[in-house]
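Reviewing the structure listed below.
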Amino acid sequence: MCNTSRRLYFYSQSENLPKWCLFFSHVKSFQFREARNIAFSSIDCVSNTFKRFKFLRVLDFEFTLIDSIPQELTLLKYLAFRTAEDALSLPDNLRNLETLIVQGLRGRVSLSDTIWKMVKLRHLHIYDRAFFTLNSGQEFSNSPSSMVNLQTVSSACFSCVDNANKILEKTPNLRKLRCEVSKFVGSFPAFSNLTKLETLKISCGTKLTLIDQLKFPSSLKKLVLSNFHIHLTEVATLPKLEVLKLLGVTISSNIWEVNDEKFPKLKFLKLENPSFSEWNASDDAFPCLEHLVLKKCRYLKEIPSRFGDASSLKSVEIISCNEELVKSAEAVREELEGMLGTSGFELFIPKQQKNRFEGVL
């Protein structure tokens with residue numbers, strides 16, 4: 001146990017907590033970690049134990065299951081805990097809260113209307129999936145409730161694009177968003193309205209979904225797309241994009257053509273289980289690419305020859321790909337070493353995979 005006049009770190013067994021808390025109700029920060037080697041601990045009657053902690057700004061039970069949050073903790077700025085309930089129940093007076101971290105034991109947490117009263121909230125992290133409660137659509141849209149200070153949300157789950165747009169309209173200053181949209185009807189959420197958004201991770205679950213037109217803001221720096229059938233034209237022209245991960249993404253052609261100075265700022269590219277079998281890139285495409293990761297590329301046989309003289313390229317990683325692609329990556333390494341000498345370029349191939357190919361030879 002570490003105690004100062006303002007902060008208390010309590011490392012003990014959960015059943016010891018109530019008796020010790022009687023002596024530390026003056027602290028502003030309380031963090032608990034279970035001393036026993038168990039998956040997670042559980043504490044009952046938290047409201048009764050902590051109702052005297054009226055000066056508390058930080059309450060950290062991130063790895064502990066608790067049953068309630070006291071109404072008296074009106075000064076809280078940081079709150080983290082685990083819950084066994086599907087519907088999250090929180091006091092409606094947490095107007096000073098800035099960070100909320102909740103782990104639902106059953107994998108999903110439904111957020112009540114109380115969340116919209118947390119007007120200072122900046123970071124909202126719900127694991128594994130967070131569902132926003134919407135009353136009648138028109139009533140919610142007309143409501144003055146909004147969270148203009150909210151910057152980070154993960155992991156939101158929207159039932160459809162329309163519901164996603166309603167939430168995004170109320171959170172206009174998001175910078176980081178991780179979400180899943182269960183149902184698309186040809187359209188895409190209006191992410192382009194989030195003019196400060198820098199990081200976006202979006203999935204449509206396990207079902208491949210066809211999208212005609214993407215809507216991204218020009219501010220985007222990191223983008224992760226999972227299980228979409230899309231055109232990559234809009235993505236290729238994002239002016240600030242530095243990190244792109246395409247996971248299980250399908251395009252309309254067997255050939256991915258990248259030219260005309262596309263991906264001008266991209267530094268990191270990951271392709272996992274892509275649909276195309278051929279990838280062509282002009283000499284002026286990917287001018288800043290530093291790291292390339294290729295995983296489970298069943299059809300792709302060759303890396304664009306353009307990367308053989310790409311002085312910016314620092315590494316290529318090949319994971320669970322075919323032998324032809326490995327040979328192509330080795331050819332890129334030889335070209336770069338021949339052009340730049342000891343350029344510092346690195347080629348990563350898992351040892352098991354490399355031995356398998358060598359055994360064939």
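In the structure tokens, chains take the letters A, B, ... in the order shown, each chain's residues start at 1, and ligands count up from 1 in the order shown.
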
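For Leu94 of chain A, the non-local neighbours within 6 Å, defined as residues at least 2 positions apart in the same chain or in other chains and counting only C-alpha atoms, are Thr74, Asp92, Asn96, Leu97 and Met118 of chain A.
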
- Message: If DSSP is run on the backbone, what residues of segment 184-348 of chain A are strand (DSSP E)? A reply as JSON, numbers by chain would be ideal.
- Response: {"A": [199, 200, 201, 202, 203, 209, 210, 222, 223, 224, 225, 226, 228, 229, 243, 244, 245, 246, 247, 255, 256, 257, 258, 268, 269, 270, 271, 272, 278, 279, 280, 281, 291, 292, 293, 294, 295, 315, 316, 317, 318, 319, 346, 347, 348]}

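A straight line drawn from atom CA of Glu257 of chain A to atom CA of Lys221 of chain A is 21.8 Å long.
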
- Message: Among segment 124-355 of chain A, which ones does DSSP assign to helix (DSSP H, G or I) (computed from the backbone)? Answer as a PyMOL selection string.
- Response: chain A and resi 137-142+161-170+191-193+233-236+305-309+323-340+351-355

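Nearest to Phe61 of chain A of all the residues A:Asn48, A:Gln103, A:Asn322, A:Ser218 is A:Gln103, based on only C-alpha atoms.
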
- Note on the structure: In Å and to one decimal, atom CA of Ala281 of chain A is distant from atom CA of Val258 of chain A by 4.7 Å

- Message: Could you list, as number ranges by chain, every residue within 10 Å of segment 6-18 of chain A, counting only C-alpha atoms and ignoring same-chain residues fewer than 4 positions away?
- Response: A: 1-2, 22-24, 26-36, 41-46, 48-50, 55-60, 64

Surrounding residues of Val293 of chain A excluding itself and chain neighbours under 2 positions, 8 Å, only C-alpha atoms, as a PDB file with all heavy atoms, in the first residue's frame:
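The resulting file, around_8.pdb, is shown below:
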```pdb
ATOM      1  N   LEU A 269       2.080   0.497 -44.233  1.00  0.00           N
ATOM      2  CA  LEU A 269       0.995  -0.163 -44.957  1.00  0.00           C
ATOM      3  C   LEU A 269       0.958  -1.641 -44.582  1.00  0.00           C
ATOM      4  O   LEU A 269       1.973  -2.337 -44.659  1.00  0.00           O
ATOM      5  CB  LEU A 269       1.196  -0.032 -46.467  1.00  0.00           C
ATOM      6  CG  LEU A 269       0.222  -0.822 -47.360  1.00  0.00           C
ATOM      7  CD1 LEU A 269      -1.211  -0.341 -47.153  1.00  0.00           C
ATOM      8  CD2 LEU A 269       0.626  -0.698 -48.830  1.00  0.00           C
ATOM      9  N   LYS A 270      -0.226  -2.114 -44.170  1.00  0.00           N
ATOM     10  CA  LYS A 270      -0.425  -3.534 -43.879  1.00  0.00           C
ATOM     11  C   LYS A 270      -1.559  -4.067 -44.746  1.00  0.00           C
ATOM     12  O   LYS A 270      -2.648  -3.515 -44.764  1.00  0.00           O
ATOM     13  CB  LYS A 270      -0.760  -3.754 -42.401  1.00  0.00           C
ATOM     14  CG  LYS A 270      -0.985  -5.231 -42.056  1.00  0.00           C
ATOM     15  CD  LYS A 270      -1.246  -5.442 -40.569  1.00  0.00           C
ATOM     16  CE  LYS A 270      -1.438  -6.913 -40.244  1.00  0.00           C
ATOM     17  NZ  LYS A 270      -1.666  -7.140 -38.786  1.00  0.00           N
ATOM     18  N   LEU A 271      -1.280  -5.143 -45.448  1.00  0.00           N
ATOM     19  CA  LEU A 271      -2.286  -5.841 -46.237  1.00  0.00           C
ATOM     20  C   LEU A 271      -2.453  -7.237 -45.661  1.00  0.00           C
ATOM     21  O   LEU A 271      -1.489  -8.014 -45.621  1.00  0.00           O
ATOM     22  CB  LEU A 271      -1.853  -5.939 -47.703  1.00  0.00           C
ATOM     23  CG  LEU A 271      -1.544  -4.627 -48.435  1.00  0.00           C
ATOM     24  CD1 LEU A 271      -1.053  -4.909 -49.849  1.00  0.00           C
ATOM     25  CD2 LEU A 271      -2.765  -3.721 -48.464  1.00  0.00           C
ATOM     26  N   HIS A 291       7.446   1.199 -43.983  1.00  0.00           N
ATOM     27  CA  HIS A 291       7.230  -0.163 -43.483  1.00  0.00           C
ATOM     28  C   HIS A 291       6.050  -0.814 -44.221  1.00  0.00           C
ATOM     29  O   HIS A 291       4.974  -0.222 -44.322  1.00  0.00           O
ATOM     30  CB  HIS A 291       6.951  -0.139 -41.981  1.00  0.00           C
ATOM     31  CG  HIS A 291       8.016   0.564 -41.194  1.00  0.00           C
ATOM     32  ND1 HIS A 291       9.247   0.009 -40.936  1.00  0.00           N
ATOM     33  CD2 HIS A 291       8.030   1.804 -40.625  1.00  0.00           C
ATOM     34  CE1 HIS A 291       9.971   0.855 -40.228  1.00  0.00           C
ATOM     35  NE2 HIS A 291       9.257   1.955 -40.027  1.00  0.00           N
ATOM     36  N   LYS A 295       0.420 -10.064 -44.875  1.00  0.00           N
ATOM     37  CA  LYS A 295       0.014 -11.216 -44.079  1.00  0.00           C
ATOM     38  C   LYS A 295      -1.119 -11.978 -44.769  1.00  0.00           C
ATOM     39  O   LYS A 295      -2.084 -11.380 -45.233  1.00  0.00           O
ATOM     40  CB  LYS A 295      -0.451 -10.755 -42.684  1.00  0.00           C
ATOM     41  CG  LYS A 295      -0.822 -11.883 -41.742  1.00  0.00           C
ATOM     42  CD  LYS A 295      -1.174 -11.356 -40.354  1.00  0.00           C
ATOM     43  CE  LYS A 295      -1.526 -12.493 -39.398  1.00  0.00           C
ATOM     44  NZ  LYS A 295      -1.874 -11.990 -38.047  1.00  0.00           N
ATOM     45  N   VAL A 316      10.265  -4.750 -44.708  1.00  0.00           N
ATOM     46  CA  VAL A 316       9.153  -5.515 -45.245  1.00  0.00           C
ATOM     47  C   VAL A 316       9.002  -6.749 -44.365  1.00  0.00           C
ATOM     48  O   VAL A 316       9.997  -7.415 -44.055  1.00  0.00           O
ATOM     49  CB  VAL A 316       9.379  -5.938 -46.705  1.00  0.00           C
ATOM     50  CG1 VAL A 316       8.263  -6.888 -47.165  1.00  0.00           C
ATOM     51  CG2 VAL A 316       9.446  -4.720 -47.623  1.00  0.00           C
ATOM     52  N   GLU A 317       7.772  -7.034 -43.944  1.00  0.00           N
ATOM     53  CA  GLU A 317       7.507  -8.207 -43.119  1.00  0.00           C
ATOM     54  C   GLU A 317       6.530  -9.115 -43.854  1.00  0.00           C
ATOM     55  O   GLU A 317       5.476  -8.672 -44.306  1.00  0.00           O
ATOM     56  CB  GLU A 317       6.928  -7.796 -41.769  1.00  0.00           C
ATOM     57  CG  GLU A 317       6.721  -8.964 -40.808  1.00  0.00           C
ATOM     58  CD  GLU A 317       6.298  -8.527 -39.422  1.00  0.00           C
ATOM     59  OE1 GLU A 317       6.144  -7.306 -39.211  1.00  0.00           O
ATOM     60  OE2 GLU A 317       6.122  -9.404 -38.552  1.00  0.00           O
ATOM     61  N   ILE A 318       6.900 -10.392 -43.971  1.00  0.00           N
ATOM     62  CA  ILE A 318       6.085 -11.374 -44.671  1.00  0.00           C
ATOM     63  C   ILE A 318       5.603 -12.420 -43.664  1.00  0.00           C
ATOM     64  O   ILE A 318       6.414 -13.077 -43.007  1.00  0.00           O
ATOM     65  CB  ILE A 318       6.881 -12.077 -45.788  1.00  0.00           C
ATOM     66  CG1 ILE A 318       7.528 -11.054 -46.727  1.00  0.00           C
ATOM     67  CG2 ILE A 318       5.985 -13.035 -46.563  1.00  0.00           C
ATOM     68  CD1 ILE A 318       6.564 -10.286 -47.571  1.00  0.00           C
ATOM     69  N   ILE A 319       4.269 -12.571 -43.547  1.00  0.00           N
ATOM     70  CA  ILE A 319       3.700 -13.512 -42.577  1.00  0.00           C
ATOM     71  C   ILE A 319       2.682 -14.405 -43.279  1.00  0.00           C
ATOM     72  O   ILE A 319       1.699 -13.921 -43.841  1.00  0.00           O
ATOM     73  CB  ILE A 319       3.005 -12.758 -41.415  1.00  0.00           C
ATOM     74  CG1 ILE A 319       3.957 -11.742 -40.772  1.00  0.00           C
ATOM     75  CG2 ILE A 319       2.484 -13.740 -40.367  1.00  0.00           C
ATOM     76  CD1 ILE A 319       3.276 -10.783 -39.822  1.00  0.00           C
TER      77      ILE A 319
END
```

- Message: Show me, as a list in words, the residues that have an atom within 8 Å of Gly104 of chain A when counting only C-alpha atoms, minus same-chain residues fewer than 2 positions from it.
- Response: Arg82, Thr83, Ala84, Glu85, Asp86, Val102, Arg106, Gly107, Arg108, Val109, Ile126, Tyr127 and Asp128 of chain A

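If you measure from each of A:Ser187, A:Thr199, A:Ser253, A:Thr114 to Val153 of chain A using only C-alpha atoms, the closest one turns out to be A:Thr199.
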
- Do you know which residues are at most 9 Å from Asn163 of chain A counting only C-alpha atoms, after dropping those on the same chain fewer than 3 positions away, and could you put them as a PyMOL selection string? chain A and resi 132+134+137+158-160+166-168

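Across A:Lys117, A:His229, A:Arg129, A:Lys196, the tightest approach to Thr152 of chain A is made by A:Lys196 when counting only C-alpha atoms.
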
- Query: Can you tell me, as an MDAnalysis selection string, what residues are no more than 10 Å from Gln151 of chain A when counting only C-alpha atoms, ignoring any on the same chain fewer than 3 positions away?
  - Reply: chainID A and resid 121:124 147:148 171:177 196:197

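Between atom CA of Thr206 of chain A and atom CA of Cys179 of chain A there is a distance of 13.5 Å.
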
- Counting only C-alpha atoms, which of A:Lys54, A:Ala310, A:Val249, A:Ser145 gets nearest to Cys297 of chain A? A:Val249

- Query: With only C-alpha atoms as the basis for distance, which of A:Ser182, A:Ser25, A:Ser311, A:Ser112 is at the shortest distance from Leu90 of chain A?
  - Reply: A:Ser112

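Minimum distance to Ser192 of chain A across A:Leu238, A:Leu336, A:Ala331, A:Ile230 (counting only C-alpha atoms) occurs at A:Leu238.
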